[in-house]
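K.L.:
Here it is, the structure in full.
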Amino acid sequence: MPEPTNRDSDTAPVRPGEDLDWPRVEAHLRSELPELTGEFSVLQFPHGSANLTYQLRFGDTRLVLRRPPFGRIAPGAHDMGREYTVLSRLGEVYPRAPRALMLCTDHEIVGADFLLVEYRSGVVVWDAVPASMAEIPQAGRRIGLAVVDALADLHRVVPQNCGLGDLGRPDGFLERQVRGWRKRWDLAVTPDADPYAAGLGESLAATRPTSGAPAVLHNDFKIDNCQFSPADPDEVVSVFDWDMATLGDPLVDLGTLLNYWPDPEYGDAGALAALGLSSLGLPGRDELIERYAVRSGVAVDDVDWYEAYGCFKTAVILQQLYARYVRGETTDERMAARGDHIAVLVERGMARLRAPRSAA
């Protein structure tokens with residue numbers, strides 16, 4: 001079925017071609033978690049673009065199952081084991097992280113590693129202020145500030161205090177990231193790929209700043225990976241999609257968030273163009289950066305480079321999604337248009353590299 005237009009509903013029937021072996025899944029989960037009782041049913045969370053995410057029900061109990069997308073996977077991407085490690089520990093000090101319940105590495109069940117996570121109810125902000133917040137003054141601005149507060153609070157977590165001190169290798173993190181994303185671009189290139197994207201990767205490598213103290217990184221922090229209570233725009237209650245989490249330079253997360261943010265010059269062009277985020281009344285870029293700096297205590301002098309890096313990383317992810325469609329590895333028709341937004345992300349990234357390195 002086509003993607004539903006009602007984004008107030010967070011689930012839909014499973015898309016054609018994205019069903020798993022549900023009798024096998026049900027039998028395995030009942031065996032591993034005998035407390036699960038009641039009738040079994042499945043819906044899909046249809047709005048994501050990469051990992052396949054499903055809502056499972058056993059009677060009144062709802063759970064979330066996540067597995068990597070079908071087809072060729074970039075090295076290190078869609079790491080369910082990493083996500084399990086993070087979500088089984090981080091919630092002790094960062095309550096916005098849902099609790100991981102189980103990791104299955106037996107590929108006989110769904111064809112890949114998969115993760116089972118607690119289900120949390122709430123609303124996700126897509127292309128409009130949720131109806132439940134429509135009468136709240138300045139709801140859009142408050143949503144934006146709550147998102148950046150949730151990011152700043154994550155970066156204040158001491159990894160050793162929740163068993164995540166060995167999650168990643170902070171030394172040389174930025175160098176490896178830029179090199180890795182440049183390689184991923186090369187692996188995902190199609191005949192019609194943007195001719196200037198590789199140049200943005202080269203420019204990032206040549207101008208890479210020195211990292212500050214490491215933090216727990218989400219690595220794809222954006223508005224639609226955050227969940228709110230229906231009538232409260234001031235507090236993010238859950239953050240989703242932790243499969244790329246690691247330890248490293250915290251400004252990578254801020255740069256990622258900024259590359260998704262509406263820009264007066266580029267409008268809603270880019271990875272989240274279809275969402276029309278500029279209509280939400282979000283706070284501006286400068287206010288976002290200042291709010292983050294004050295709450296996190298992280299210096300933001302090189303923020304322009306990090307936003308450029310975010311643009312490049314997002315462009316690579318979009319190219320990977322588009323390449324999967326071209327190769328016939330997904331039936332999701334939305335992926336056919338993912339490549340349309342790459343050129344403006346590359347242009348925006350190059351413009352940030354030319355800008356003075358300041359938060360202003």
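Please note that chains go A, B, ... in the order of the structure tokens, that every chain numbers its residues from 1, and that ligands are numbered from 1 in the order shown.
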According to DSSP computed on the backbone, where in region 74-152 of chain A is there strand (DSSP E or B)? Give the residues as JSON, numbers by chain.
P.N.:
{"A": [100, 101, 102, 103, 104, 114, 115, 116, 117, 118, 123]}
K.L.:
For the residues selected in the previous step, produce a file with N, CA and C atoms as a PDB file, in the first residue's frame.
P.N.:
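Dumped to result-v9.pdb:
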```pdb
ATOM      1  N   ALA A 100      16.195  -1.698  25.478  1.00  0.00           N
ATOM      2  CA  ALA A 100      16.326  -2.875  24.623  1.00  0.00           C
ATOM      3  C   ALA A 100      16.011  -4.132  25.419  1.00  0.00           C
ATOM      4  N   LEU A 101      15.246  -5.043  24.818  1.00  0.00           N
ATOM      5  CA  LEU A 101      14.816  -6.254  25.504  1.00  0.00           C
ATOM      6  C   LEU A 101      15.569  -7.492  25.053  1.00  0.00           C
ATOM      7  N   MET A 102      15.979  -7.524  23.772  1.00  0.00           N
ATOM      8  CA  MET A 102      16.599  -8.734  23.255  1.00  0.00           C
ATOM      9  C   MET A 102      17.333  -8.432  21.962  1.00  0.00           C
ATOM     10  N   LEU A 103      18.466  -9.101  21.753  1.00  0.00           N
ATOM     11  CA  LEU A 103      19.175  -9.095  20.476  1.00  0.00           C
ATOM     12  C   LEU A 103      19.213 -10.523  19.969  1.00  0.00           C
ATOM     13  N   CYS A 104      18.797 -10.736  18.724  1.00  0.00           N
ATOM     14  CA  CYS A 104      18.840 -12.059  18.109  1.00  0.00           C
ATOM     15  C   CYS A 104      19.849 -12.030  16.964  1.00  0.00           C
ATOM     16  N   PHE A 114      18.419  -9.007  14.576  1.00  0.00           N
ATOM     17  CA  PHE A 114      17.312  -8.097  14.855  1.00  0.00           C
ATOM     18  C   PHE A 114      17.271  -7.769  16.336  1.00  0.00           C
ATOM     19  N   LEU A 115      16.596  -6.681  16.624  1.00  0.00           N
ATOM     20  CA  LEU A 115      16.548  -6.097  17.956  1.00  0.00           C
ATOM     21  C   LEU A 115      15.096  -5.969  18.393  1.00  0.00           C
ATOM     22  N   LEU A 116      14.835  -6.284  19.648  1.00  0.00           N
ATOM     23  CA  LEU A 116      13.507  -6.085  20.220  1.00  0.00           C
ATOM     24  C   LEU A 116      13.613  -5.010  21.294  1.00  0.00           C
ATOM     25  N   VAL A 117      12.759  -3.988  21.197  1.00  0.00           N
ATOM     26  CA  VAL A 117      12.821  -2.812  22.066  1.00  0.00           C
ATOM     27  C   VAL A 117      11.436  -2.541  22.637  1.00  0.00           C
ATOM     28  N   GLU A 118      11.413  -1.957  23.822  1.00  0.00           N
ATOM     29  CA  GLU A 118      10.124  -1.571  24.396  1.00  0.00           C
ATOM     30  C   GLU A 118       9.429  -0.560  23.491  1.00  0.00           C
ATOM     31  N   VAL A 123       3.864  11.137  20.305  1.00  0.00           N
ATOM     32  CA  VAL A 123       3.739  11.701  18.959  1.00  0.00           C
ATOM     33  C   VAL A 123       5.117  12.092  18.434  1.00  0.00           C
TER      34      VAL A 123
END
```
K.L.:
Give me the residues near region 233-243 of chain A as a ChimeraX atom specification, where near means some atom within 9 Å (using only C-alpha atoms) and where sequence neighbours in that chain fewer than 4 positions away do not count.
P.N.:
/A:51,77-84,86-87,95-98,120,122,133,136,139-147,149-150,217-221,224-229
K.L.:
Next, dump the selected residues to file, keeping only N, CA and C atoms, as a compact mmCIF listing (two decimals), in the first residue's frame.
P.N.:
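That gives us result_34.txt:
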```
# COMPACT_ATOMS: atom_id res chain seq x y z
N ASN A 51 16.36 1.30 8.27
CA ASN A 51 16.05 0.06 8.98
C ASN A 51 14.55 -0.26 8.89
N ALA A 77 27.22 -0.20 8.89
CA ALA A 77 25.91 0.44 8.96
C ALA A 77 24.86 -0.50 9.53
N HIS A 78 23.78 0.06 10.06
CA HIS A 78 22.62 -0.70 10.52
C HIS A 78 23.02 -1.78 11.53
N ASP A 79 23.78 -1.37 12.51
CA ASP A 79 24.39 -2.30 13.47
C ASP A 79 23.43 -2.55 14.63
N MET A 80 22.71 -3.65 14.56
CA MET A 80 21.74 -3.97 15.61
C MET A 80 22.43 -4.31 16.93
N GLY A 81 23.61 -4.93 16.85
CA GLY A 81 24.33 -5.24 18.08
C GLY A 81 24.74 -3.98 18.81
N ARG A 82 25.19 -2.99 18.06
CA ARG A 82 25.56 -1.70 18.66
C ARG A 82 24.34 -1.04 19.29
N GLU A 83 23.23 -1.05 18.59
CA GLU A 83 22.02 -0.44 19.13
C GLU A 83 21.56 -1.15 20.40
N TYR A 84 21.67 -2.46 20.40
CA TYR A 84 21.30 -3.20 21.62
C TYR A 84 22.20 -2.80 22.78
N VAL A 86 23.78 -0.04 23.31
CA VAL A 86 23.45 1.31 23.77
C VAL A 86 22.14 1.32 24.55
N LEU A 87 21.10 0.72 23.98
CA LEU A 87 19.78 0.81 24.60
C LEU A 87 19.62 -0.10 25.81
N PRO A 95 17.00 8.91 30.35
CA PRO A 95 15.70 8.22 30.29
C PRO A 95 15.01 8.31 28.94
N ARG A 96 15.47 9.19 28.06
CA ARG A 96 14.85 9.29 26.73
C ARG A 96 15.19 8.09 25.84
N ALA A 97 16.13 7.26 26.24
CA ALA A 97 16.51 6.09 25.44
C ALA A 97 15.60 4.91 25.79
N PRO A 98 14.82 4.39 24.84
CA PRO A 98 13.98 3.22 25.13
C PRO A 98 14.83 2.02 25.52
N ARG A 120 7.08 2.73 23.13
CA ARG A 120 6.64 3.91 23.88
C ARG A 120 5.62 4.67 23.04
N GLY A 122 3.34 8.01 22.06
CA GLY A 122 3.57 9.45 22.00
C GLY A 122 3.40 9.93 20.58
N MET A 133 -1.17 19.49 19.91
CA MET A 133 -0.45 20.69 20.37
C MET A 133 -0.89 21.94 19.62
N ILE A 136 -1.47 25.20 21.53
CA ILE A 136 -0.43 25.62 22.47
C ILE A 136 0.38 26.75 21.86
N ALA A 139 4.09 26.52 19.75
CA ALA A 139 4.39 25.10 19.88
C ALA A 139 5.59 24.70 19.03
N GLY A 140 5.68 25.21 17.80
CA GLY A 140 6.78 24.85 16.92
C GLY A 140 8.14 25.28 17.47
N ARG A 141 8.21 26.49 17.97
CA ARG A 141 9.46 26.97 18.54
C ARG A 141 9.84 26.14 19.76
N ARG A 142 8.86 25.81 20.58
CA ARG A 142 9.13 25.04 21.79
C ARG A 142 9.56 23.61 21.45
N ILE A 143 8.99 23.05 20.39
CA ILE A 143 9.42 21.73 19.92
C ILE A 143 10.89 21.77 19.53
N GLY A 144 11.29 22.79 18.78
CA GLY A 144 12.68 22.91 18.35
C GLY A 144 13.64 23.04 19.51
N LEU A 145 13.28 23.83 20.48
CA LEU A 145 14.15 24.00 21.65
C LEU A 145 14.23 22.71 22.47
N ALA A 146 13.12 21.99 22.56
CA ALA A 146 13.14 20.71 23.29
C ALA A 146 14.05 19.70 22.60
N VAL A 147 14.07 19.72 21.28
CA VAL A 147 14.94 18.80 20.53
C VAL A 147 16.40 19.09 20.81
N ASP A 149 17.63 20.66 23.38
CA ASP A 149 17.89 20.36 24.79
C ASP A 149 18.15 18.86 24.97
N ALA A 150 17.37 18.03 24.28
CA ALA A 150 17.58 16.58 24.39
C ALA A 150 18.96 16.18 23.86
N LEU A 217 27.52 9.82 21.11
CA LEU A 217 26.88 10.36 19.91
C LEU A 217 25.71 9.49 19.51
N HIS A 218 24.62 10.12 19.13
CA HIS A 218 23.50 9.41 18.51
C HIS A 218 23.84 9.11 17.06
N ASN A 219 24.34 10.09 16.35
CA ASN A 219 24.86 9.99 14.98
C ASN A 219 23.80 10.11 13.89
N ASP A 220 22.54 10.33 14.25
CA ASP A 220 21.53 10.73 13.27
C ASP A 220 20.43 11.49 13.99
N PHE A 221 20.83 12.50 14.74
CA PHE A 221 19.90 13.21 15.61
C PHE A 221 19.09 14.21 14.79
N ASP A 224 12.49 14.08 13.70
CA ASP A 224 11.60 12.92 13.60
C ASP A 224 12.21 11.66 14.22
N ASN A 225 13.35 11.77 14.86
CA ASN A 225 13.84 10.69 15.72
C ASN A 225 13.54 10.99 17.19
N CYS A 226 12.73 12.01 17.42
CA CYS A 226 12.33 12.39 18.78
C CYS A 226 10.83 12.21 18.95
N GLN A 227 10.43 11.86 20.15
CA GLN A 227 9.01 11.64 20.46
C GLN A 227 8.60 12.51 21.63
N PHE A 228 7.37 13.02 21.55
CA PHE A 228 6.83 13.91 22.57
C PHE A 228 5.58 13.31 23.19
N SER A 229 5.29 13.70 24.43
CA SER A 229 3.96 13.46 24.96
C SER A 229 2.98 14.29 24.14
```
K.L.:
When you look at region 15-23 of chain A with a cut-off of 8 Å (counting only C-alpha atoms), what residues show up, excluding the ones that are within fewer than 2 positions of it in the same chain? I need them as number ranges by chain.
P.N.:
A: 1-2, 13, 25-27, 44, 46, 52, 109-110, 330-332
K.L.:
Using backbone DSSP assignments, extract all alpha helix (DSSP H) residues from region 125-334 of chain A; output them as a ChimeraX atom specification.
P.N.:
/A:139-155,173-188,197-206,251-260,285-296,303-326
